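Quick notes on the structure that follows.
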Amino acid sequence: MLEIRNIVCRYGKVTALKGISLTVPQNKLVALIGANGAGKSTTLRSISGLVPPVSGQILFKGEDITRASPARILSLGIAHCPEGRRVFPHMTVAENLAMGSYLRRDRAAVETDLERTFEQFPRLAERRRQVAGTLSGGEQQMLAIGRAMMSRPSLILFDEPSLGLAPNIVERTFEIICGIRDSGTTVLMVEQNAYSALEMCDYAYLLETGSMALEGPGEQMISNPHVREAYLGGGMAHSH
Amino acid sequence: MTRLTPIIVLLFFASVPWWLTDQYLLHTLITTGIFILAAMSLNLLLGYTGQLSLGHVAFFGIGAYTSALTALGFDVELFGLFRVVHEPWPPVLGLLFGTLVAALCGFVIGKLSFRVRGAYFVIVTISFAEVTRLVSLNWVELTQGPLALPGIPPLTIGFPGLGYMTLWEKTENYYVVLAFIVLAYILIKRLVNSRFGRAMIALKGNESLATSVGIDVTRYLVIAAIVSAGMAGCAGALYAHYIQIIDPMIFMFLNTVTMVIMVITGGKGTLAGPLVGGLIFGLAPVVLRSYVGPEIQWILYGLLMIVVVFVLPQGIVPAIEQWFNRTKAEPLREPSVAGKGERA
């Protein structure tokens, strides 16, 4: 579904990605793990058009989207759930969700999707008119996921979905992400929480300082000595 | 506040010429109104997109000069190669061209500077205003430089079949300016309540997220710059035809500062902000002048500004709105922070 061929990304003179390739097959959950500054977020940002690569190629459903605008990429079906500040703080919950369908013109279907999102996340329904900046971290994450789904994507990119959340909320978030995959939306997820990511994914890639170091199915990666040594705390696997 | 407030305010200002006998005060209201129009256009950029244009007077001046020259006609030689002769046209066309040329300049400036934004936009606009001032000062053949452009004809308005009217009187000019303010108010209101407005709020809250939900940030900023510049140009054209003489002093930095003060004190990013701020700081010098000497007058003006900014940092209008909402919501207030226990 998504194919990245040898892309290079730069911020000014700093090369963040030194030519990486990866493939995300349809209906799979692919994880991208690695340390801080390895280039995980940059990979997602280049897919969604926020940081266009200087060379290489990105193909989505066979179409070249390497130089496409973020709006074009979104309308082709790739939604991005960025890390950190996940919502529009001054807008209400309902307005935030509406922003997810900003590019859509099918008003009636948007309305149905909005109601379905509220069914899926009853907490958001209760807080429909509340300003998003006053929600708890977990609620903001649910809102961000709901918003990303509002564009009816076929591929959704999650950037550090567990960052800054309490352990029970992290677990819930991962459950929701697996649910999204199971209901037929392809997922590419960047995660520092390597153990959980490897456990839940179908396939994983390991990025190290801008280059792809390793790839393989999740279970296989977990048992890899290098991964265990560097990312899973020397064999003693912790999920948190 | 209530839905009726704008209409009551409008009716009040429409009645002013009926009971105000002081012609000088009416004149001040007209020039203040023109500046309010310019401040409203600045508010669209500064208040809604967060981009500070410190050269907004350039668009105002370009509108004024374009309109004046369209109405007066000119005869210039370009690069010593060919002559451009323009016969005088009706002032209304001048108003139209003034608006369009200023909007075009807004487009160019926006295209040039909005890829980088922030401080760069501020610098580009300041430089642009200085360049336009120097052009108006030195292109004597076209603008008569410091000798000013005198004898600009007043506007003639009317519709075919209904008769025409030339605006010689203050009262007529007052109503025209009032009408333009109402038009600008409606235009801005429609704009900020549309997709454009939501995009702007999103942009101010979280820019990278705004881009990733598909908002073309640069495009919207350029649109805002075009509308804002056009509106400022229109204000400038009204000024030229009302005062009937313009000189390069119109490009003074002080004029931009006045607009910024009106927007900031009134409340940037609110519809009524520039109106309230504009009225206070447009009329303050005149009112103060009748009580104190000129030195004290400007000191008081400065003090008033400092007090407003210190006491009401959000501006007058948001402060009034907050106060109004609080007094109204007091009886049925409920605990607003529920579910705090499961903060994650």
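Letters for chains follow the order of the structure tokens (A, B, ...), residue numbers begin at 1 for each chain, and ligand numbers begin at 1 in the order shown.
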
Q: Check every residue of chain A for an atom within 10 Å of chain B, counting only C-alpha atoms, and provide those that qualify as a ChimeraX atom specification.
A: /A:45,48-50,69-75,78-83,85-91,95-96,98-103,130,133-141,147-148,150-151,164-170

Q | strand (DSSP E or B) call set, DSSP backbone run, stretch 29-243 of chain B, as an MDAnalysis selection string | A | chainID B and resid 74:78 82:86 149 156:159 163:166

Emit the selected residues as a PDB file, in the first residue's frame, including C-alpha atoms.
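Resulting contents of selection31.pdb:
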ATOM      1  CA  PHE B  74      -1.136  62.342 -15.156  1.00  0.00           C
ATOM      2  CA  ASP B  75       1.466  62.612 -17.861  1.00  0.00           C
ATOM      3  CA  VAL B  76       4.748  60.845 -17.163  1.00  0.00           C
ATOM      4  CA  GLU B  77       7.696  59.600 -19.134  1.00  0.00           C
ATOM      5  CA  LEU B  78       8.747  56.048 -18.282  1.00  0.00           C
ATOM      6  CA  PHE B  82       7.727  56.409 -23.781  1.00  0.00           C
ATOM      7  CA  ARG B  83       5.125  58.698 -22.327  1.00  0.00           C
ATOM      8  CA  VAL B  84       2.079  57.578 -20.417  1.00  0.00           C
ATOM      9  CA  VAL B  85      -0.767  60.029 -20.532  1.00  0.00           C
ATOM     10  CA  HIS B  86      -3.867  59.465 -18.463  1.00  0.00           C
ATOM     11  CA  LEU B 149      -1.229  66.520  -4.949  1.00  0.00           C
ATOM     12  CA  THR B 156     -19.575  61.354  -6.899  1.00  0.00           C
ATOM     13  CA  ILE B 157     -21.941  58.575  -6.035  1.00  0.00           C
ATOM     14  CA  GLY B 158     -25.233  57.464  -7.474  1.00  0.00           C
ATOM     15  CA  PHE B 159     -26.870  55.003  -9.800  1.00  0.00           C
ATOM     16  CA  GLY B 163     -29.419  60.715 -10.004  1.00  0.00           C
ATOM     17  CA  TYR B 164     -25.915  61.516  -8.837  1.00  0.00           C
ATOM     18  CA  MET B 165     -24.502  63.327  -5.865  1.00  0.00           C
ATOM     19  CA  THR B 166     -21.077  64.821  -5.362  1.00  0.00           C
TER      20      THR B 166
END

Q: Using DSSP on the backbone coordinates, identify the residues of stretch 84-133 of chain A assigned to helix (DSSP H, G or I); present them as a list of chain:residue names.
A: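 Selecting the helix (DSSP H, G or I) positions of stretch 84-133 of chain A gives A:Val93, A:Ala94, A:Glu95, A:Asn96, A:Leu97, A:Ala98, A:Met99, A:Gly100, A:Arg107, A:Ala108, A:Ala109, A:Val110, A:Glu111, A:Thr112, A:Asp113, A:Leu114, A:Glu115, A:Arg116, A:Thr117, A:Phe118, A:Glu119, A:Gln120, A:Pro122, A:Arg123, A:Leu124, A:Ala125, A:Glu126, A:Ala132, A:Gly133.
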
(Q) Calculated over only C-alpha atoms, which of the candidates B:Trp18, B:Phe12, B:Phe79, B:Phe60 has the smallest distance to B:Leu95? (A)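 Smallest separation from B:Leu95 among the options: B:Phe60.
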
(Q) So the first atom is atom CA of A:Gly216 and the second is atom CA of A:Ala204; what is the distance between them in Å, to one decimal place? (A)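 Atom-to-atom, atom CA of A:Gly216 and atom CA of A:Ala204 are spaced 5.6 Å apart.
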
**Q.** Long-range neighbours of stretch 220-228 of chain A as a VMD selection string, 12 Å cut-off, only C-alpha atoms, 5 positions minimum in chain
**A.** chain A and resid 31 to 35 194 to 208 213 to 215 233 to 239

Q: Considering only C-alpha atoms, return as a PyMOL selection string whatever protein or nucleic-acid residues lie within 7 Å of B:Gln51, sequence-local ones (same chain, fewer than 4 positions apart) excluded.
A: chain B and resi 45-46+118

Can you tell me, as a short mmCIF file (atom, residue, chain, number, x, y, z; two decimals) with C-alpha atoms, in the first residue's frame, what residues are no more than 9 Å from A:Glu160 when counting only C-alpha atoms, ignoring any on the same chain fewer than 3 positions away?
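Result file is selection.cif:
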data_model
loop_
_atom_site.label_atom_id
_atom_site.label_comp_id
_atom_site.auth_asym_id
_atom_site.auth_seq_id
_atom_site.Cartn_x
_atom_site.Cartn_y
_atom_site.Cartn_z
CA SER A 41 9.09 11.31 13.24
CA CYS A 81 -1.61 11.78 14.22
CA PRO A 82 1.33 13.95 15.28
CA GLU A 83 3.17 13.63 18.58
CA GLY A 84 3.09 16.01 21.53
CA LEU A 163 4.09 9.72 24.81
CA MET A 189 3.19 3.62 14.02
CA VAL A 190 6.28 5.27 15.43
CA GLU A 191 6.92 4.27 19.02
CA GLN A 192 9.69 4.55 21.58
CA ASN A 193 7.99 2.00 23.76
#

Q.
Let me make sure I understand: among A:Gly146, A:Gly56, A:Pro161, A:Gly37, which one has the smallest atom-to-atom distance to A:Leu22 if we use only C-alpha atoms?
A.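 With only C-alpha atoms as the atom set, the closest residue is A:Gly56.
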